[in-house]
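S.K.: Let me give you the structure first, and then I'll get to my questions.
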Amino acid sequence: MLGTALLAASRSRRVRAAVTKSPVTRKVVRRFIAGDDVNAAVDTTRRLTSGGFAVTLDHLGEDTLDRAQAEATRDAYLTLIELLADEGLASRSEASLKLSAMGQALPGDGEALAAENAHAICAAASEAGMTVTLDMEDHTTVDSTLGILAELRKDHPSVGVALQAMLYRTEADCRDLATTGSRVRLVKGAYAEPKSVAHPAKSDVDRAYARCLGILMGGLGYPMIASHDPRMISIAQALATQHGKGQDDFEFQMLYGIRPSAQEQLRSQGSRVRIYVPYGDDWYGYFMRRLAERPANVGFLLRSLVTK
Ligand code: FDA
């Protein structure tokens, strides 16, 4: 219930204004966000990669209906890629893109604009030796995102995509993408979805996640297991053994600031672990989804407000 209310609030302008104005919220936000600017992103990348992790960087922002804003986001990624290359950090880094931040929802030629912006980023990333993965947003964007993915992969075959186990369609999407060269990040799904398209019960989402894992780990692509759930991690490890996948044939991914001890444990066991690092000042939507996933985080926020 609280999770659903928080997801609804993540799209409310009124709540946004109240939450983002509070200086105390900003303190809590720092647990999940690397910092406000690209220098913070580069510093965090340096720290994490020197500790043996790979990273994927998300320049925060989503749902833009403004062409200039979409182009500014593209340029922010281009700057990031250039800085990472200059610092010698590109080979352990990836860019995570939200196509809605690239203009996907603009009326008229939004999809073409998002594809063009993503293309420019993929070209710069390839040049620098970095990979790119498309985040997946709410269910209304999935067909468009997979269409743009197919276009991007013609020139940049390593571009990956996130698929959300909560959606009924995802097992079929996993089958389509479990092919040579494809990179799929499997997540449970962070958006409020109607039960016409998504499993409403968490236990069903977990079962779907395990089935999708079976398809991806048994397939020919490169699975990216993005979950903090110890059960899903154990299932992935068992499937890797069953299908003869070595440590370099798949990777685990977790979000910056969430279960850092589990991140360290997997890494120290020899697994590839990539940390999803969000940065930038447009953190509201991302932050609210992290609160919605774990209502205990709301308690953490409230305690900070009271003890200020
Ligand atoms: P689950 O929610 O069951 O959590 C398992 C355990 O992890 C919890 O018991 C708790 O210990 C810990 N945990 C999980 N979330 C937490 C939080 N917010 N705060 C503190 N502890 C927490 N979604 C999407 O729709 N599109 C996308 O593109 C992406 N991309 C993405 C990339 C990466 C690298 C990750 C790890 C996740 C995403 N997600 C995403 C988010 C994903 O859909 C999902 O909402 C979260 O990962 C939480 O699901 P878990 O699999 O961790 O399981």
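Ligands are numbered from 1 in the order shown, residues from 1 within each chain, and chains are lettered A, B, ... in the order they appear in the structure tokens.
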Please identify all protein, DNA and RNA residues within 9 Å of ligand 1, counting only C-alpha atoms and all ligand atoms, and report them as a ChimeraX atom specification.

M.R.: /A:32,56,96-98,133-138,161-166,185-191,202,206,209,224-232,252-259,274-277,287-297

S.K.: With DSSP run on the backbone, what are the alpha helix (DSSP H) residues within stretch 5-220 of chain A? I'd like them as number ranges by chain.

M.R.: A: 5-9, 13-21, 23-29, 38-50, 67-86, 110-128, 142-155, 170-177, 202-218

S.K.: Residues of stretch 55-149 of chain A within 10 Å of stretch 167-179 of chain A: nearest atom pair and distance (Å, one decimal) for each, counting only C-alpha atoms, sorted by chain and number, as a tab-separated table?

M.R.:
residue	atom	partner	partner_atom	distance
A:Asp138	CA	A:Leu167	CA	9.8
A:His139	CA	A:Leu167	CA	7.6
A:Val142	CA	A:Arg169	CA	9.8
A:Leu146	CA	A:Asp173	CA	9.1

S.K.: Near A:Thr79, within 12 Å and counting only C-alpha atoms, which residues show up once chain neighbours fewer than 5 positions away are dropped, as a list in words?

M.R.: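 My reading of the contact set: Asp37, Val38, Asn39, Ala41, Val42, His59, Ala72, Thr73, Arg74, Leu84, Ala85, Asp86, Ala95, Ala120, Ile121, Ala124, Ala125 and Ala128 of chain A.
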
S.K.: Can you tell me, as number ranges by chain, which residues in stretch 165-260 of chain A count as strand (DSSP E) by DSSP?

M.R.: A: 183-187, 222-226, 251-255

S.K.: Can you pull out the residues contacting A:Leu149? Cut-off 10 Å, using only C-alpha atoms, and skip same-chain residues under 6 positions away; I want them as a PyMOL selection string.

M.R.: chain A and resi 115+118-119+133-134+143+156-157+159-161

S.K.: Atom CA of A:His199 to atom CA of A:Pro260: how many Å, to one decimal?

M.R.: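 Computing the Euclidean distance for atom CA of A:His199 and atom CA of A:Pro260 yields 28.5 Å.
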
S.K.: What does the structure give for the distance between atom CA of A:Thr44 and atom CA of A:Val184, in Å to one decimal?

M.R.: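 That distance, rounded to one decimal, is 24.4 Å.
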